[in-house]
Each structure stands twice: as C-alpha cells, then as structure tokens.
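input-v6.csv (CSV, C-alpha atoms) appears below.
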```csv
chain,number,residue,atom,x,y,z
A,27,MET,CA,-25.8,6.6,-11.6
A,28,PRO,CA,-27.4,5.9,-8.1
A,29,HIS,CA,-27.8,2.2,-9.2
A,30,LEU,CA,-24.0,2.0,-10.0
A,31,THR,CA,-23.2,3.6,-6.7
A,32,GLU,CA,-25.2,1.0,-4.8
A,33,ARG,CA,-23.5,-1.8,-6.7
A,34,LEU,CA,-20.1,-0.4,-5.8
A,35,ARG,CA,-21.1,0.0,-2.2
A,36,ALA,CA,-22.3,-3.6,-2.1
A,37,LEU,CA,-18.8,-4.7,-3.4
A,38,TYR,CA,-16.7,-2.5,-1.1
A,39,GLU,CA,-18.8,-2.7,2.0
A,40,GLY,CA,-21.2,-5.6,1.6
A,41,ASP,CA,-21.2,-8.9,3.5
A,42,THR,CA,-21.8,-11.3,0.6
A,43,ASP,CA,-19.5,-13.9,-0.8
A,44,ARG,CA,-19.1,-11.8,-3.9
A,45,ALA,CA,-18.1,-8.8,-1.9
A,46,HIS,CA,-15.6,-10.8,0.1
A,47,ARG,CA,-14.0,-12.2,-3.1
A,48,PHE,CA,-13.8,-8.7,-4.6
A,49,ARG,CA,-12.0,-7.4,-1.5
A,50,TYR,CA,-9.6,-10.3,-1.6
A,51,GLY,CA,-9.0,-9.5,-5.2
A,52,LEU,CA,-8.1,-5.9,-4.3
A,53,LEU,CA,-5.6,-7.2,-1.8
A,54,ALA,CA,-4.1,-9.6,-4.4
A,55,PHE,CA,-3.9,-6.6,-6.8
A,56,ASP,CA,-2.1,-4.5,-4.3
A,57,LEU,CA,0.4,-7.3,-3.6
A,58,ALA,CA,0.9,-7.9,-7.4
A,59,THR,CA,1.4,-4.2,-7.9
A,60,LEU,CA,4.1,-4.2,-5.2
A,61,LEU,CA,5.9,-7.1,-6.8
A,62,PHE,CA,5.8,-5.3,-10.2
A,63,ILE,CA,7.2,-2.1,-8.7
A,64,ILE,CA,10.2,-4.1,-7.3
A,65,VAL,CA,10.8,-6.2,-10.4
A,66,SER,CA,10.4,-3.2,-12.8
A,67,SER,CA,13.1,-1.3,-10.8
A,68,PHE,CA,15.7,-3.6,-12.3
A,69,MET,CA,14.3,-3.2,-15.9
A,70,PRO,CA,15.0,-0.4,-18.4
A,71,ARG,CA,12.1,2.0,-19.0
A,72,GLU,CA,10.9,0.3,-22.1
A,73,PRO,CA,7.4,0.9,-23.7
A,74,LEU,CA,6.2,-2.4,-22.3
A,75,VAL,CA,7.0,-1.5,-18.7
A,76,GLU,CA,5.5,2.0,-19.2
A,77,GLY,CA,2.4,0.5,-20.7
A,78,VAL,CA,1.9,-1.8,-17.7
A,79,ASP,CA,2.4,1.3,-15.5
A,80,VAL,CA,-0.4,3.1,-17.3
A,81,LEU,CA,-2.7,0.0,-17.0
A,82,ILE,CA,-2.1,-0.2,-13.3
A,83,GLY,CA,-2.6,3.5,-13.0
A,84,ALA,CA,-6.0,3.2,-14.7
A,85,ALA,CA,-7.0,0.4,-12.3
A,86,VAL,CA,-5.9,2.4,-9.3
A,87,THR,CA,-7.8,5.4,-10.6
A,88,ALA,CA,-10.9,3.3,-11.0
A,89,ASP,CA,-10.5,2.0,-7.4
A,90,PHE,CA,-10.0,5.5,-6.1
A,91,LEU,CA,-13.0,7.0,-7.9
A,92,SER,CA,-15.2,4.0,-6.8
A,93,ARG,CA,-14.2,4.5,-3.1
A,94,LEU,CA,-14.9,8.2,-3.4
A,95,ALA,CA,-18.3,7.6,-5.1
A,96,ILE,CA,-19.6,5.5,-2.2
A,97,CYS,CA,-18.5,7.9,0.6
A,98,ALA,CA,-21.3,9.8,2.3
A,99,ARG,CA,-19.0,12.8,2.7
A,100,PRO,CA,-16.3,12.6,0.0
A,101,GLY,CA,-14.6,15.7,1.1
A,102,ARG,CA,-13.5,14.1,4.4
A,103,GLU,CA,-11.6,11.4,2.5
A,104,PHE,CA,-9.0,14.0,1.6
A,105,LEU,CA,-8.2,14.2,5.3
A,106,ARG,CA,-6.9,10.6,5.2
A,107,PRO,CA,-3.2,10.0,4.4
A,108,THR,CA,-4.1,6.9,2.3
A,109,THR,CA,-6.2,9.2,0.0
A,110,TRP,CA,-3.2,11.4,-0.8
A,111,ALA,CA,-1.0,8.3,-1.1
A,112,ASP,CA,-3.4,6.9,-3.7
A,113,LEU,CA,-3.4,10.3,-5.6
A,114,ALA,CA,0.4,10.3,-5.6
A,115,ALA,CA,0.5,6.7,-6.8
A,116,ILE,CA,-1.9,7.4,-9.6
A,117,ALA,CA,0.1,10.4,-10.8
A,118,SER,CA,3.3,8.3,-10.8
A,119,PHE,CA,1.8,5.4,-12.6
A,120,LEU,CA,0.3,7.7,-15.3
A,121,ALA,CA,3.6,9.7,-15.5
A,122,PRO,CA,4.6,8.1,-18.9
A,123,ILE,CA,1.6,9.9,-20.5
A,124,VAL,CA,3.1,13.3,-19.7
A,125,GLY,CA,6.7,12.2,-19.6
A,126,GLU,CA,7.4,13.0,-16.0
A,127,GLY,CA,9.4,10.8,-13.7
A,128,ALA,CA,8.2,10.2,-10.1
A,129,GLY,CA,8.4,6.5,-10.0
A,130,PHE,CA,9.1,6.2,-6.3
A,131,LEU,CA,5.6,7.5,-5.5
A,132,ARG,CA,4.2,4.3,-6.9
A,133,ILE,CA,5.3,2.5,-3.7
A,134,LEU,CA,2.9,4.7,-1.7
A,135,ARG,CA,0.2,2.4,-3.0
A,136,THR,CA,1.3,-0.1,-0.3
A,137,LEU,CA,-0.2,2.2,2.4
A,138,ARG,CA,-3.6,0.8,1.4
A,139,LEU,CA,-2.6,-2.8,2.5
A,140,LEU,CA,-4.8,-4.1,5.3
A,141,ARG,CA,-6.4,-0.7,5.9
A,142,THR,CA,-10.0,-1.8,5.2
A,143,TYR,CA,-12.0,-2.8,8.2
A,144,GLN,CA,-14.2,-5.1,6.2
A,145,LEU,CA,-11.1,-7.0,4.9
A,146,LEU,CA,-9.7,-7.3,8.4
A,147,ASP,CA,-13.0,-8.7,9.6
A,148,ARG,CA,-13.0,-11.2,6.8
A,149,LEU,CA,-9.5,-12.3,7.4
A,150,ARG,CA,-10.3,-12.9,11.1
A,151,ALA,CA,-13.3,-15.0,10.1
A,152,ASP,CA,-11.6,-17.0,7.4
A,153,PHE,CA,-8.2,-17.6,8.8
A,154,PRO,CA,-7.7,-18.8,12.4
A,155,PHE,CA,-3.9,-18.1,12.0
A,156,PHE,CA,-4.6,-14.5,11.2
A,157,ARG,CA,-7.1,-14.3,14.1
A,158,ARG,CA,-4.5,-15.6,16.6
A,159,ASN,CA,-1.6,-13.5,15.3
A,160,GLU,CA,-3.4,-10.4,14.1
A,161,GLU,CA,-1.3,-7.9,16.0
A,162,VAL,CA,2.0,-9.5,14.9
A,163,ILE,CA,0.8,-9.6,11.2
A,164,ILE,CA,-0.3,-5.9,11.3
A,165,ALA,CA,2.9,-4.8,12.9
A,166,ALA,CA,4.9,-6.8,10.4
A,167,VAL,CA,2.9,-5.3,7.5
A,168,ASN,CA,3.4,-1.8,8.8
A,169,LEU,CA,7.1,-2.3,9.1
A,170,ALA,CA,7.3,-3.8,5.6
A,171,VAL,CA,5.3,-1.0,4.1
A,172,PHE,CA,7.6,1.6,5.7
A,173,VAL,CA,10.7,-0.3,4.4
A,174,PHE,CA,9.3,-0.4,0.9
A,175,VAL,CA,8.3,3.3,0.9
A,176,MET,CA,11.6,4.5,2.2
A,177,THR,CA,13.5,2.1,-0.2
A,178,GLY,CA,11.6,3.7,-3.1
A,179,ILE,CA,12.4,7.2,-1.8
A,180,VAL,CA,16.1,6.3,-1.4
A,181,PHE,CA,16.3,4.7,-4.8
A,182,ALA,CA,14.5,7.7,-6.5
A,183,THR,CA,16.6,10.4,-4.9
A,184,GLN,CA,20.0,8.7,-5.0
A,185,HIS,CA,20.0,6.5,-8.2
A,186,GLY,CA,22.2,8.1,-10.9
A,187,ARG,CA,23.8,10.5,-8.4
A,188,ASN,CA,25.2,8.1,-5.8
A,189,PRO,CA,27.4,5.3,-7.2
A,190,ALA,CA,26.6,3.2,-4.1
A,191,ILE,CA,22.9,3.0,-5.1
A,192,GLY,CA,23.0,1.2,-8.4
A,193,ASN,CA,19.7,-0.7,-8.1
A,194,TYR,CA,16.7,-1.3,-5.8
A,195,VAL,CA,18.5,-3.9,-3.8
A,196,ASP,CA,21.2,-1.4,-2.9
A,197,ALA,CA,18.5,1.0,-1.7
A,198,LEU,CA,16.8,-1.8,0.3
A,199,TYR,CA,20.1,-2.8,1.8
A,200,PHE,CA,20.7,0.8,3.0
A,201,THR,CA,17.2,1.1,4.4
A,202,VAL,CA,17.4,-2.1,6.4
A,203,THR,CA,20.9,-1.4,7.8
A,204,SER,CA,19.8,2.1,8.8
A,205,LEU,CA,16.6,1.1,10.6
A,206,THR,CA,18.3,-1.7,12.5
A,207,THR,CA,21.1,0.8,13.4
A,208,THR,CA,23.6,-1.7,12.1
A,209,GLY,CA,25.1,1.0,9.8
A,210,TYR,CA,28.0,-0.8,8.1
A,211,GLY,CA,29.0,2.5,6.4
A,212,ASP,CA,29.6,1.0,3.0
A,213,VAL,CA,26.5,2.8,1.6
A,214,THR,CA,25.7,6.4,2.6
A,215,LEU,CA,23.4,9.0,1.2
A,216,HIS,CA,24.8,12.2,-0.3
A,217,GLY,CA,23.7,15.7,0.6
A,218,THR,CA,21.5,17.3,3.2
A,219,GLY,CA,18.4,15.6,1.7
A,220,GLY,CA,20.1,12.2,2.0
A,221,ARG,CA,21.0,12.8,5.7
A,222,LEU,CA,17.4,13.8,6.4
A,223,VAL,CA,16.1,10.7,4.7
A,224,SER,CA,18.6,8.7,6.9
A,225,VAL,CA,17.2,10.3,10.0
A,226,VAL,CA,13.6,9.5,9.1
A,227,VAL,CA,14.6,5.9,8.4
A,228,MET,CA,16.4,5.5,11.7
A,229,ILE,CA,13.8,7.1,13.9
A,230,CYS,CA,10.6,5.8,12.3
A,231,GLY,CA,12.1,2.4,11.4
A,232,VAL,CA,13.4,1.7,14.9
A,233,THR,CA,10.0,2.6,16.3
A,234,LEU,CA,8.2,0.2,14.0
A,235,PHE,CA,10.8,-2.5,14.6
A,236,LEU,CA,10.4,-2.2,18.4
A,237,ARG,CA,6.6,-2.4,18.0
A,238,LEU,CA,7.0,-5.7,16.1
A,239,ALA,CA,9.4,-7.0,18.8
A,240,GLN,CA,6.9,-6.0,21.5
A,241,VAL,CA,3.9,-7.9,20.0
A,242,LEU,CA,6.2,-10.9,19.2
A,243,PHE,CA,7.4,-11.3,22.8
A,244,ARG,CA,4.4,-10.2,24.7
A,245,PRO,CA,2.4,-13.0,26.4
A,246,TYR,CA,-0.3,-14.2,24.1
A,247,LYS,CA,-3.9,-13.0,24.8
A,248,VAL,CA,-7.2,-13.4,23.0
A,249,ARG,CA,-9.2,-10.4,21.7
A,250,PHE,CA,-12.7,-10.4,23.0
A,251,PRO,CA,-14.6,-7.3,24.1
A,252,CYS,CA,-15.9,-7.3,27.6
A,253,PRO,CA,-19.7,-6.6,27.5
A,254,THR,CA,-19.5,-4.2,30.5
A,255,CYS,CA,-16.2,-2.3,30.3
A,256,GLY,CA,-15.1,-3.0,26.8
A,257,LEU,CA,-11.6,-4.4,27.7
A,258,GLN,CA,-10.4,-6.1,24.5
A,259,ARG,CA,-7.5,-8.4,25.6
A,260,HIS,CA,-7.8,-11.3,28.0
A,261,GLU,CA,-5.9,-14.4,29.1
A,262,THR,CA,-6.7,-17.4,27.0
A,263,ASP,CA,-8.5,-19.2,29.9
A,264,ALA,CA,-10.1,-16.1,31.4
A,265,VAL,CA,-13.7,-16.6,32.7
A,266,HIS,CA,-14.0,-13.1,34.3
A,267,CYS,CA,-12.8,-9.7,33.1
A,268,LYS,CA,-9.8,-8.6,35.1
A,269,ALA,CA,-10.9,-5.0,34.9
A,270,CYS,CA,-14.5,-5.2,36.1
A,271,GLY,CA,-15.1,-8.8,37.0
A,272,THR,CA,-17.9,-9.4,34.5
A,273,GLY,CA,-18.3,-13.1,33.4
A,274,LEU,CA,-16.8,-13.8,30.0
A,275,ASN,CA,-17.8,-16.5,27.5
A,276,ILE,CA,-14.8,-16.4,25.2
A,277,PRO,CA,-15.2,-18.9,22.3
A,278,ASP,CA,-12.3,-21.1,21.4
A,279,GLU,CA,-11.4,-23.8,18.8
A,280,GLY,CA,-11.2,-26.7,21.2
A,281,ALA,CA,-7.4,-26.5,21.5
A,282,TYR,CA,-5.5,-26.7,24.8
```
Structure rendered as structure tokens:
Amino acid sequence: MPHLTERLRALYEGDTDRAHRFRYGLLAFDLATLLFIIVSSFMPREPLVEGVDVLIGAAVTADFLSRLAICARPGREFLRPTTWADLAAIASFLAPIVGEGAGFLRILRTLRLLRTYQLLDRLRADFPFFRRNEEVIIAAVNLAVFVFVMTGIVFATQHGRNPAIGNYVDALYFTVTSLTTTGYGDVTLHGTGGRLVSVVVMICGVTLFLRLAQVLFRPYKVRFPCPTCGLQRHETDAVHCKACGTGLNIPDEGAY
C-alpha cells in the first residue's frame, strides 16, 4: 500500500514527463466530461447514457480517492470547496445505480479545472501564450465554470416545470442574458427558488464578468517575483522594482 501511495504521489505531484502527461490527461478528461454533460442533456436517459455516467463516476471516484490517499492530512481536504464538488459530482454520476436524479450536480466537476498548482506551472513552462495571458485565461475559465454550473442548476430546477426551459441551450441562454444584465424577459424562472437563482446569477456573474474585463483592458505586465519585496507584476521593460528599487533580471523571449 505505501508503494502504491508513492506511485500516485509521483503522478499527481511529480516533475517527470510521465507526471506531466498524466496531469494533462486529467485536464483532457475534465474537458471531455464537460462536453459529455452538455451533449447528454439533449439526449433521452437511455441505458447507454446512464452507463457512460457510471463509467465517468467510477473514474472520478478513483481520482478523488487517489488525491485523498496522497494527502498528508486527508481531513483538511474536506475543508476545500472542490472536495465537496467532487463528492457531489460522484453521487450524481453514480445516481443511475440507485435510481436517483441529481444530474445538474455533475457540472460541479468543472470546479476542478485549472485548480492544480503543478498543472498551472506546467502550462506556464510549456505554452508561452498561457504564460503571457495567464490572468485572462484564469478569469475566462472562472467565468465559464460559473456559467456552466448555474446553467446546470437552472436546467435541473426548471426543466419539466417551466415551458421556457426546454433544453440545456434555453438554460444557457437565460444564464448569459441574466449575468450580462441584458434580461430580454422572454425566459424567466418560476417561484421563489427561481428568483433566488436569478439573483445569484446576476450578482456573481457580473462580478466575474467585470473581473475578466479588468484583466483584458489592464496594461500588460510580466509576472516576476522581486527577490527583495516579492512584488509580482512589473512593466515589460522594467530593470528595477518600482516598490523597493531592487535590480531585476526579467527573462524574455527576445521579442520587442
């Protein structure tokens, strides 16, 4: 058992090519899972779809147990929102076994996207585009995750009760028009619960949308920790830290 734990730790936290490929594989799996969730929302709940649900649930369970096994203090993992999101996703993927319906919880799996420091470090090292636009990409991912989570909640709570929400696209349309405060009014949510969901979409969605706009239009700066004061962001041609005056040696790619 200790040998297995060490092998898992090497995959999840190691710095080898194999570990990097493994973590990229997990990211690809999460993206494929998200695509399946969206596509399957347009399909009837046939045995094939439920079988794929169970297979994905088994894979997510294995990933969750592996992460828990390599933690020095597993109990602290349950203080993280992503841990509870994984548990909710596991329960919803495995719901066909017990005949329960909580499909919208599957979308919570998206909270895991780009939340691993090792993966972020590897993306910075492997892709100059990601390194130059990290804040924009992270802000866009956070906004996209929120949109998909709220769309899943809207679809699950309104489908079959609200004639305006006939499929996943209707729920996505409502979520986007609400968070942008466009609010055409052709789709509204019923009941007190629907109004509360609308409030959450508008408040949180606008906040994330403004964050994305902020990083898009803010003057570009490079991320490089000052060895003296630790300031992270500097002008692209900075030779001294503007906070403490320490000389900087910021590497570039030879581009002007």
Tell me which protein, DNA and RNA residues are within 12 Å of Val232 (chain A), counting only C-alpha atoms, leaving out same-chain ones fewer than 3 positions away, and put them as an MDAnalysis selection string.
-> chainID A and resid 169 172:173 201:208 224:229 235:239
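Straight-line separation from CA of Gly77 (chain A) to CA of Ala182 (chain A): 20.0 Å.
Minimum atom-to-atom distances from A:Cys255, A:Ala190, A:Leu149, A:Ala45 to Cys270 (chain A) were compared using all atoms listed in the file, and the lowest value belongs to A:Cys255.
Nearest-residue note for Tyr38 (chain A): choosing from A:Phe119, A:Phe90, A:Phe243, A:Phe155, the minimum distance belongs to A:Phe90, counting only C-alpha atoms.
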Identify, on the basis of all atoms listed in the file, every residue whose closest approach to Leu30 (chain A) does not exceed 10 Å; exclude the query and any residue fewer than 6 positions from it along the same chain; express the result as a PyMOL selection string.
-> chain A and resi 36+92+95-96
Excluding region 81-89 of chain A and any residue of its chain fewer than 6 positions from it, enumerate the residues within 10 Å of it, using only C-alpha atoms, and give them as an mmCIF file with C-alpha atoms, keeping the file's coordinate frame.
```
data_model
loop_
_atom_site.group_PDB
_atom_site.id
_atom_site.type_symbol
_atom_site.label_atom_id
_atom_site.label_comp_id
_atom_site.auth_asym_id
_atom_site.auth_seq_id
_atom_site.Cartn_x
_atom_site.Cartn_y
_atom_site.Cartn_z
ATOM 1 C CA TYR A 38 -16.700 -2.500 -1.100
ATOM 2 C CA LEU A 52 -8.100 -5.900 -4.300
ATOM 3 C CA PHE A 55 -3.900 -6.600 -6.800
ATOM 4 C CA ASP A 56 -2.100 -4.500 -4.300
ATOM 5 C CA THR A 59 1.400 -4.200 -7.900
ATOM 6 C CA PHE A 62 5.800 -5.300 -10.200
ATOM 7 C CA VAL A 75 7.000 -1.500 -18.700
ATOM 8 C CA ALA A 95 -18.300 7.600 -5.100
ATOM 9 C CA ASP A 112 -3.400 6.900 -3.700
ATOM 10 C CA LEU A 113 -3.400 10.300 -5.600
ATOM 11 C CA ALA A 115 0.500 6.700 -6.800
ATOM 12 C CA ILE A 116 -1.900 7.400 -9.600
ATOM 13 C CA ALA A 117 0.100 10.400 -10.800
ATOM 14 C CA SER A 118 3.300 8.300 -10.800
ATOM 15 C CA PHE A 119 1.800 5.400 -12.600
ATOM 16 C CA LEU A 120 0.300 7.700 -15.300
ATOM 17 C CA ALA A 121 3.600 9.700 -15.500
ATOM 18 C CA ARG A 132 4.200 4.300 -6.900
ATOM 19 C CA ARG A 135 0.200 2.400 -3.000
#
```
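CA of Thr109 (chain A) lies 23.0 Å from CA of Arg47 (chain A).
If only C-alpha atoms are the atoms counted, then among A:Arg33, A:Arg187, A:Arg49, A:Arg44 the closest residue to Asp147 (chain A) is A:Arg49.
Each of A:Glu161, A:Cys230, A:Ile64, A:Glu32 was checked against Arg244 (chain A) using only C-alpha atoms; the smallest atom-to-atom distance is that of A:Glu161.
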Writing C-alpha atoms and nothing else, produce region 140-177 of chain A as a tab-separated table (two decimals), in the first residue's frame.
```
chain	number	residue	atom	x	y	z
A	140	LEU	CA	-7.03	24.62	-13.62
A	141	ARG	CA	-7.06	24.33	-9.81
A	142	THR	CA	-3.83	22.29	-9.57
A	143	TYR	CA	-0.66	24.29	-8.97
A	144	GLN	CA	1.50	21.67	-10.69
A	145	LEU	CA	-0.64	21.87	-13.81
A	146	LEU	CA	-0.51	25.66	-13.85
A	147	ASP	CA	3.28	25.57	-13.50
A	148	ARG	CA	3.49	23.13	-16.42
A	149	LEU	CA	1.20	25.24	-18.60
A	150	ARG	CA	3.41	28.26	-17.90
A	151	ALA	CA	6.51	26.30	-18.85
A	152	ASP	CA	5.10	24.63	-21.96
A	153	PHE	CA	2.99	27.37	-23.53
A	154	PRO	CA	4.28	30.95	-23.92
A	155	PHE	CA	0.75	32.06	-24.85
A	156	PHE	CA	-0.56	30.82	-21.50
A	157	ARG	CA	2.33	32.47	-19.68
A	158	ARG	CA	1.63	35.82	-21.32
A	159	ASN	CA	-2.13	35.66	-20.83
A	160	GLU	CA	-2.47	33.64	-17.63
A	161	GLU	CA	-4.68	36.09	-15.75
A	162	VAL	CA	-7.03	36.49	-18.72
A	163	ILE	CA	-7.28	32.71	-19.20
A	164	ILE	CA	-7.89	32.06	-15.49
A	165	ALA	CA	-10.57	34.78	-15.36
A	166	ALA	CA	-12.23	33.38	-18.51
A	167	VAL	CA	-12.17	29.83	-17.09
A	168	ASN	CA	-13.68	31.01	-13.80
A	169	LEU	CA	-16.47	32.79	-15.69
A	170	ALA	CA	-17.08	29.77	-17.94
A	171	VAL	CA	-17.20	27.39	-14.96
A	172	PHE	CA	-19.73	29.65	-13.21
A	173	VAL	CA	-21.86	29.84	-16.36
A	174	PHE	CA	-21.90	26.05	-16.78
A	175	VAL	CA	-22.63	25.40	-13.09
A	176	MET	CA	-25.51	27.89	-13.00
A	177	THR	CA	-26.83	26.64	-16.34
```
